[in-house]
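Structure file final_33.txt; described as compact mmCIF, N, CA and C atoms.
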```
# COMPACT_ATOMS: atom_id res chain seq x y z
N MET V 1 -58.30 76.75 -12.01
CA MET V 1 -58.36 75.51 -12.76
C MET V 1 -59.65 74.78 -12.41
N ASP V 2 -60.17 73.97 -13.33
CA ASP V 2 -61.47 73.33 -13.12
C ASP V 2 -61.37 71.90 -12.60
N GLY V 3 -60.21 71.45 -12.16
CA GLY V 3 -60.06 70.11 -11.60
C GLY V 3 -59.74 69.05 -12.63
N THR V 4 -59.66 69.45 -13.92
CA THR V 4 -59.29 68.49 -14.94
C THR V 4 -57.89 68.79 -15.43
N SER V 5 -57.24 67.82 -15.98
CA SER V 5 -55.89 67.99 -16.49
C SER V 5 -55.92 68.85 -17.74
N ALA V 6 -55.17 69.92 -17.72
CA ALA V 6 -55.04 70.84 -18.86
C ALA V 6 -56.39 71.34 -19.37
N GLY V 7 -57.37 71.44 -18.49
CA GLY V 7 -58.67 71.97 -18.88
C GLY V 7 -59.51 71.01 -19.71
N LEU V 8 -59.09 69.74 -19.79
CA LEU V 8 -59.84 68.77 -20.57
C LEU V 8 -61.02 68.25 -19.77
N PRO V 9 -62.10 67.88 -20.45
CA PRO V 9 -63.25 67.34 -19.72
C PRO V 9 -62.91 65.97 -19.13
N ARG V 10 -63.58 65.65 -18.04
CA ARG V 10 -63.39 64.35 -17.42
C ARG V 10 -64.10 63.28 -18.24
N ALA V 11 -63.61 62.04 -18.13
CA ALA V 11 -64.20 60.93 -18.88
C ALA V 11 -65.67 60.75 -18.53
N GLU V 12 -66.01 60.96 -17.25
CA GLU V 12 -67.40 60.75 -16.86
C GLU V 12 -68.34 61.81 -17.43
N ASP V 13 -67.78 62.91 -17.95
CA ASP V 13 -68.63 63.91 -18.58
C ASP V 13 -69.26 63.36 -19.85
N GLY V 14 -68.60 62.36 -20.47
CA GLY V 14 -69.14 61.71 -21.65
C GLY V 14 -69.19 62.61 -22.87
N VAL V 15 -68.37 63.63 -22.93
CA VAL V 15 -68.38 64.55 -24.05
C VAL V 15 -67.91 63.81 -25.30
N GLY V 16 -68.79 63.75 -26.29
CA GLY V 16 -68.43 63.14 -27.56
C GLY V 16 -68.25 61.63 -27.51
N MET V 17 -68.62 61.00 -26.41
CA MET V 17 -68.44 59.56 -26.31
C MET V 17 -69.61 58.86 -27.00
N VAL V 18 -69.29 57.83 -27.78
CA VAL V 18 -70.30 57.06 -28.47
C VAL V 18 -70.02 55.59 -28.21
N TYR V 19 -71.05 54.84 -27.91
CA TYR V 19 -70.89 53.40 -27.70
C TYR V 19 -71.80 52.67 -28.67
N SER V 20 -71.24 51.69 -29.33
CA SER V 20 -72.03 50.86 -30.23
C SER V 20 -71.78 49.40 -29.89
N PRO V 21 -72.82 48.66 -29.52
CA PRO V 21 -72.64 47.24 -29.19
C PRO V 21 -72.45 46.36 -30.42
N GLU V 22 -72.59 46.91 -31.61
CA GLU V 22 -72.55 46.11 -32.82
C GLU V 22 -71.29 45.26 -32.97
N PRO V 23 -70.09 45.79 -32.76
CA PRO V 23 -68.90 44.95 -32.94
C PRO V 23 -68.91 43.71 -32.04
N MET V 24 -69.38 43.83 -30.81
CA MET V 24 -69.40 42.68 -29.91
C MET V 24 -70.44 41.66 -30.36
N GLU V 25 -71.55 42.13 -30.89
CA GLU V 25 -72.59 41.22 -31.35
C GLU V 25 -72.11 40.44 -32.56
N ASP V 26 -71.31 41.06 -33.42
CA ASP V 26 -70.80 40.41 -34.61
C ASP V 26 -69.67 39.43 -34.29
N ARG V 27 -69.11 39.52 -33.11
CA ARG V 27 -67.96 38.69 -32.73
C ARG V 27 -68.27 37.21 -32.83
N GLY V 28 -69.46 36.79 -32.38
CA GLY V 28 -69.84 35.38 -32.46
C GLY V 28 -69.91 34.90 -33.90
N LYS V 29 -70.47 35.72 -34.76
CA LYS V 29 -70.57 35.36 -36.19
C LYS V 29 -69.18 35.26 -36.80
N GLN V 30 -68.27 36.18 -36.44
CA GLN V 30 -66.91 36.13 -36.95
C GLN V 30 -66.22 34.86 -36.51
N GLN V 31 -66.42 34.45 -35.27
CA GLN V 31 -65.80 33.22 -34.77
C GLN V 31 -66.35 32.02 -35.53
N ASP V 32 -67.67 32.02 -35.80
CA ASP V 32 -68.27 30.93 -36.58
C ASP V 32 -67.69 30.88 -37.98
N ASP V 33 -67.55 32.05 -38.60
CA ASP V 33 -66.97 32.13 -39.95
C ASP V 33 -65.54 31.60 -39.95
N LEU V 34 -64.79 31.98 -38.94
CA LEU V 34 -63.40 31.53 -38.83
C LEU V 34 -63.34 30.02 -38.63
N GLY V 35 -64.24 29.50 -37.82
CA GLY V 35 -64.29 28.06 -37.60
C GLY V 35 -64.59 27.31 -38.89
N GLY V 36 -65.53 27.84 -39.67
CA GLY V 36 -65.86 27.24 -40.96
C GLY V 36 -64.69 27.29 -41.92
N LEU V 37 -63.97 28.37 -41.89
CA LEU V 37 -62.79 28.53 -42.74
C LEU V 37 -61.71 27.52 -42.34
N GLU V 38 -61.51 27.36 -41.04
CA GLU V 38 -60.52 26.40 -40.56
C GLU V 38 -60.89 24.98 -40.96
N GLU V 39 -62.19 24.67 -40.91
CA GLU V 39 -62.64 23.33 -41.32
C GLU V 39 -62.33 23.08 -42.79
N LYS V 40 -62.56 24.10 -43.62
CA LYS V 40 -62.28 23.96 -45.05
C LYS V 40 -60.79 23.77 -45.30
N VAL V 41 -59.96 24.50 -44.57
CA VAL V 41 -58.51 24.35 -44.71
C VAL V 41 -58.08 22.95 -44.28
N ASP V 42 -58.64 22.47 -43.18
CA ASP V 42 -58.33 21.10 -42.72
C ASP V 42 -58.74 20.08 -43.77
N GLU V 43 -59.92 20.27 -44.35
CA GLU V 43 -60.40 19.35 -45.37
C GLU V 43 -59.48 19.38 -46.59
N LEU V 44 -59.04 20.58 -46.96
CA LEU V 44 -58.11 20.72 -48.09
C LEU V 44 -56.79 20.02 -47.80
N GLU V 45 -56.30 20.15 -46.58
CA GLU V 45 -55.05 19.47 -46.20
C GLU V 45 -55.21 17.96 -46.27
N ARG V 46 -56.34 17.44 -45.79
CA ARG V 46 -56.59 15.99 -45.86
C ARG V 46 -56.62 15.53 -47.32
N LEU V 47 -57.28 16.33 -48.15
CA LEU V 47 -57.37 16.00 -49.57
C LEU V 47 -55.98 15.98 -50.20
N THR V 48 -55.17 16.98 -49.87
CA THR V 48 -53.81 17.07 -50.41
C THR V 48 -52.98 15.87 -49.96
N ASP V 49 -53.12 15.51 -48.69
CA ASP V 49 -52.36 14.36 -48.17
C ASP V 49 -52.77 13.06 -48.85
N SER V 50 -54.01 12.98 -49.31
CA SER V 50 -54.49 11.73 -49.91
C SER V 50 -54.22 11.64 -51.40
N LEU V 51 -53.67 12.68 -52.02
CA LEU V 51 -53.48 12.67 -53.48
C LEU V 51 -52.60 11.51 -53.96
N ASP V 52 -51.61 11.13 -53.18
CA ASP V 52 -50.73 10.03 -53.60
C ASP V 52 -51.48 8.71 -53.68
N ASP V 53 -52.54 8.56 -52.88
CA ASP V 53 -53.28 7.30 -52.82
C ASP V 53 -54.49 7.27 -53.76
N VAL V 54 -54.79 8.38 -54.42
CA VAL V 54 -55.97 8.45 -55.28
C VAL V 54 -55.64 7.80 -56.63
N PRO V 55 -56.49 6.87 -57.06
CA PRO V 55 -56.28 6.26 -58.39
C PRO V 55 -56.36 7.34 -59.48
N GLU V 56 -55.64 7.12 -60.56
CA GLU V 56 -55.56 8.13 -61.64
C GLU V 56 -56.91 8.54 -62.16
N LYS V 57 -57.85 7.59 -62.29
CA LYS V 57 -59.15 7.96 -62.85
C LYS V 57 -59.98 8.81 -61.90
N GLU V 58 -59.62 8.86 -60.62
CA GLU V 58 -60.33 9.71 -59.64
C GLU V 58 -59.58 11.02 -59.37
N LEU V 59 -58.38 11.12 -59.93
CA LEU V 59 -57.54 12.29 -59.64
C LEU V 59 -58.18 13.60 -60.08
N VAL V 60 -58.77 13.63 -61.26
CA VAL V 60 -59.40 14.86 -61.76
C VAL V 60 -60.52 15.30 -60.83
N GLY V 61 -61.35 14.38 -60.39
CA GLY V 61 -62.45 14.70 -59.47
C GLY V 61 -61.91 15.22 -58.15
N THR V 62 -60.85 14.60 -57.65
CA THR V 62 -60.25 15.04 -56.38
C THR V 62 -59.65 16.44 -56.52
N LEU V 63 -58.99 16.68 -57.66
CA LEU V 63 -58.43 18.02 -57.88
C LEU V 63 -59.53 19.07 -58.05
N ASN V 64 -60.63 18.69 -58.69
CA ASN V 64 -61.77 19.62 -58.80
C ASN V 64 -62.34 19.94 -57.42
N GLU V 65 -62.40 18.94 -56.56
CA GLU V 65 -62.87 19.16 -55.20
C GLU V 65 -61.93 20.13 -54.46
N ALA V 66 -60.62 19.96 -54.68
CA ALA V 66 -59.64 20.86 -54.06
C ALA V 66 -59.82 22.29 -54.56
N VAL V 67 -60.08 22.43 -55.86
CA VAL V 67 -60.28 23.77 -56.44
C VAL V 67 -61.53 24.41 -55.85
N GLU V 68 -62.60 23.62 -55.66
CA GLU V 68 -63.83 24.15 -55.06
C GLU V 68 -63.57 24.61 -53.62
N LEU V 69 -62.81 23.81 -52.88
CA LEU V 69 -62.48 24.21 -51.50
C LEU V 69 -61.66 25.49 -51.49
N LEU V 70 -60.70 25.58 -52.39
CA LEU V 70 -59.90 26.81 -52.47
C LEU V 70 -60.77 28.02 -52.80
N ALA V 71 -61.73 27.85 -53.67
CA ALA V 71 -62.64 28.95 -54.02
C ALA V 71 -63.46 29.38 -52.81
N GLU V 72 -63.94 28.39 -52.02
CA GLU V 72 -64.71 28.72 -50.81
C GLU V 72 -63.83 29.42 -49.78
N ILE V 73 -62.61 28.93 -49.62
CA ILE V 73 -61.67 29.56 -48.68
C ILE V 73 -61.39 30.99 -49.11
N ASN V 74 -61.15 31.18 -50.40
CA ASN V 74 -60.86 32.51 -50.93
C ASN V 74 -62.05 33.45 -50.73
N ALA V 75 -63.25 32.95 -50.96
CA ALA V 75 -64.45 33.78 -50.78
C ALA V 75 -64.58 34.20 -49.31
N GLY V 76 -64.29 33.28 -48.40
CA GLY V 76 -64.35 33.61 -46.97
C GLY V 76 -63.33 34.67 -46.59
N ILE V 77 -62.13 34.53 -47.13
CA ILE V 77 -61.07 35.52 -46.84
C ILE V 77 -61.45 36.88 -47.42
N GLU V 78 -61.96 36.89 -48.65
CA GLU V 78 -62.37 38.16 -49.26
C GLU V 78 -63.49 38.83 -48.47
N ALA V 79 -64.42 38.04 -47.97
CA ALA V 79 -65.52 38.61 -47.18
C ALA V 79 -64.98 39.23 -45.90
N ARG V 80 -64.04 38.55 -45.25
CA ARG V 80 -63.45 39.10 -44.02
C ARG V 80 -62.65 40.37 -44.33
N LEU V 81 -61.96 40.40 -45.46
CA LEU V 81 -61.22 41.61 -45.84
C LEU V 81 -62.17 42.77 -46.12
N ASP V 82 -63.29 42.47 -46.78
CA ASP V 82 -64.29 43.52 -47.04
C ASP V 82 -64.83 44.08 -45.73
N THR V 83 -65.13 43.18 -44.79
CA THR V 83 -65.64 43.61 -43.49
C THR V 83 -64.60 44.47 -42.77
N ALA V 84 -63.35 44.03 -42.80
CA ALA V 84 -62.28 44.81 -42.15
C ALA V 84 -62.13 46.17 -42.81
N GLY V 85 -62.25 46.23 -44.12
CA GLY V 85 -62.17 47.51 -44.83
C GLY V 85 -63.30 48.44 -44.44
N ASP V 86 -64.51 47.88 -44.34
CA ASP V 86 -65.67 48.68 -43.92
C ASP V 86 -65.47 49.23 -42.51
N GLU V 87 -64.98 48.36 -41.61
CA GLU V 87 -64.74 48.79 -40.23
C GLU V 87 -63.66 49.86 -40.17
N SER V 88 -62.63 49.70 -40.98
CA SER V 88 -61.55 50.68 -41.01
C SER V 88 -62.06 52.05 -41.49
N ARG V 89 -62.89 52.03 -42.53
CA ARG V 89 -63.47 53.29 -43.03
C ARG V 89 -64.36 53.93 -41.97
N GLU V 90 -65.12 53.10 -41.26
CA GLU V 90 -66.00 53.62 -40.20
C GLU V 90 -65.18 54.27 -39.09
N ILE V 91 -64.10 53.63 -38.70
CA ILE V 91 -63.23 54.19 -37.67
C ILE V 91 -62.62 55.50 -38.17
N GLY V 92 -62.20 55.52 -39.41
CA GLY V 92 -61.64 56.75 -39.98
C GLY V 92 -62.65 57.89 -39.96
N THR V 93 -63.89 57.56 -40.29
CA THR V 93 -64.95 58.57 -40.26
C THR V 93 -65.17 59.09 -38.85
N LEU V 94 -65.22 58.16 -37.88
CA LEU V 94 -65.41 58.57 -36.49
C LEU V 94 -64.25 59.44 -36.01
N LEU V 95 -63.03 59.04 -36.34
CA LEU V 95 -61.86 59.82 -35.91
C LEU V 95 -61.83 61.19 -36.59
N GLY V 96 -62.42 61.27 -37.78
CA GLY V 96 -62.49 62.55 -38.47
C GLY V 96 -63.36 63.57 -37.72
N HIS V 97 -64.23 63.08 -36.87
CA HIS V 97 -65.12 63.96 -36.12
C HIS V 97 -64.59 64.29 -34.71
N VAL V 98 -63.46 63.71 -34.35
CA VAL V 98 -62.90 63.94 -33.02
C VAL V 98 -62.05 65.20 -33.04
N ASP V 99 -62.23 66.03 -32.03
CA ASP V 99 -61.44 67.25 -31.88
C ASP V 99 -60.24 66.94 -30.98
N PHE V 100 -59.08 66.82 -31.60
CA PHE V 100 -57.87 66.53 -30.84
C PHE V 100 -57.16 67.80 -30.38
N GLY V 101 -57.77 68.95 -30.62
CA GLY V 101 -57.16 70.22 -30.26
C GLY V 101 -56.72 70.30 -28.81
N PRO V 102 -57.59 70.01 -27.85
CA PRO V 102 -57.17 70.08 -26.44
C PRO V 102 -56.03 69.11 -26.12
N PHE V 103 -56.07 67.93 -26.71
CA PHE V 103 -54.99 66.97 -26.49
C PHE V 103 -53.68 67.50 -27.06
N ASP V 104 -53.73 68.02 -28.28
CA ASP V 104 -52.53 68.56 -28.92
C ASP V 104 -51.95 69.72 -28.11
N GLU V 105 -52.82 70.59 -27.61
CA GLU V 105 -52.36 71.71 -26.79
C GLU V 105 -51.69 71.22 -25.52
N ALA V 106 -52.30 70.24 -24.85
CA ALA V 106 -51.71 69.70 -23.62
C ALA V 106 -50.37 69.03 -23.91
N LEU V 107 -50.27 68.31 -25.03
CA LEU V 107 -49.02 67.66 -25.40
C LEU V 107 -47.94 68.69 -25.70
N GLU V 108 -48.29 69.75 -26.43
CA GLU V 108 -47.32 70.81 -26.72
C GLU V 108 -46.85 71.48 -25.43
N ASP V 109 -47.79 71.72 -24.52
CA ASP V 109 -47.44 72.33 -23.24
C ASP V 109 -46.48 71.42 -22.47
N HIS V 110 -46.76 70.15 -22.43
CA HIS V 110 -45.91 69.17 -21.74
C HIS V 110 -44.52 69.14 -22.37
N GLU V 111 -44.46 69.07 -23.70
CA GLU V 111 -43.16 69.04 -24.38
C GLU V 111 -42.38 70.32 -24.14
N HIS V 112 -43.08 71.46 -24.11
CA HIS V 112 -42.42 72.74 -23.87
C HIS V 112 -41.80 72.75 -22.47
N ARG V 113 -42.56 72.25 -21.47
CA ARG V 113 -42.03 72.20 -20.10
C ARG V 113 -40.82 71.27 -20.01
N GLU V 114 -40.84 70.16 -20.74
CA GLU V 114 -39.69 69.24 -20.73
C GLU V 114 -38.46 69.92 -21.32
N ARG V 115 -38.65 70.68 -22.41
CA ARG V 115 -37.51 71.36 -23.05
C ARG V 115 -36.93 72.46 -22.18
N THR V 116 -37.81 73.17 -21.49
CA THR V 116 -37.32 74.33 -20.72
C THR V 116 -36.74 73.91 -19.38
N THR V 117 -37.19 72.83 -18.77
CA THR V 117 -36.67 72.41 -17.48
C THR V 117 -35.66 71.27 -17.61
N GLY V 118 -35.71 70.57 -18.74
CA GLY V 118 -34.78 69.45 -18.95
C GLY V 118 -35.19 68.19 -18.23
N GLU V 119 -36.32 68.18 -17.54
CA GLU V 119 -36.77 67.01 -16.81
C GLU V 119 -38.04 66.45 -17.45
N PRO V 120 -38.06 65.13 -17.68
CA PRO V 120 -39.28 64.53 -18.23
C PRO V 120 -40.43 64.70 -17.24
N GLY V 121 -41.57 65.09 -17.78
CA GLY V 121 -42.78 65.20 -16.96
C GLY V 121 -42.79 66.38 -16.01
N ALA V 122 -41.83 67.28 -16.14
CA ALA V 122 -41.76 68.42 -15.22
C ALA V 122 -42.85 69.42 -15.48
```
Written as structure tokens, how would this file's structure read?
Amino acid sequence: MDGTSAGLPRAEDGVGMVYSPEPMEDRGKQQDDLGGLEEKVDELERLTDSLDDVPEKELVGTLNEAVELLAEINAGIEARLDTAGDESREIGTLLGHVDFGPFDEALEDHEHRERTTGEPGA
């Protein structure tokens, strides 16, 4: 045996390991975007709460303002969904290149030993 579990390479061998700092760098921008979105939602809530006090001749303008805020909120949500979709596709692509064969073999071997001995982890 080569000192690794089920003949698998050790983590420090770095076989097939890829590191990208991009997600961490984007984290600050995502937090800023989320903060902006929360501000718009708060503003929309304030506007909604004030509708009872708005004179009738200003009501249309206030409702138009609410519609504009909703459009901005929706655009922010759609942008975040697009980003999440892109990230999901990227992860799928990366996982498509991973060879899970050694892991699957080790898992099958482990399950076989459990079935034949009747003891978990035997």
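Atom pair atom C of Asp52 (chain V) / CA of Asn64 (chain V) has a distance of 15.8 Å (rounded to one decimal).
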Which residues, written as a list in words, have at least one atom at most 9 Å from region 38-49 of chain V, with only C-alpha atoms counted and residues fewer than 2 positions away on the same chain left out?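 Result of the neighbour search: Asp33, Leu34, Gly35, Gly36, Leu51, Asp52, Asp53, Thr62, Leu63, Glu65, Ala66, Leu69, Leu70, Glu72 and Ile73 of chain V.
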Centre, edges in Å (one decimal): axis-aligned box, region 35-52 of chain V, 4 Å padding on all six sides, as AutoDock Vina command-line options:
```
--center_x -58.3 --center_y 19.1 --center_z -45.8 --size_x 23.1 --size_y 28.8 --size_z 24.4
```
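The gap separating atom N of Ser88 (chain V) from atom C of Gly101 (chain V) is 24.6 Å, in Å to one decimal.
In this model, the gap between CA of Phe103 (chain V) and atom N of Arg115 (chain V) comes to 17.2 Å.
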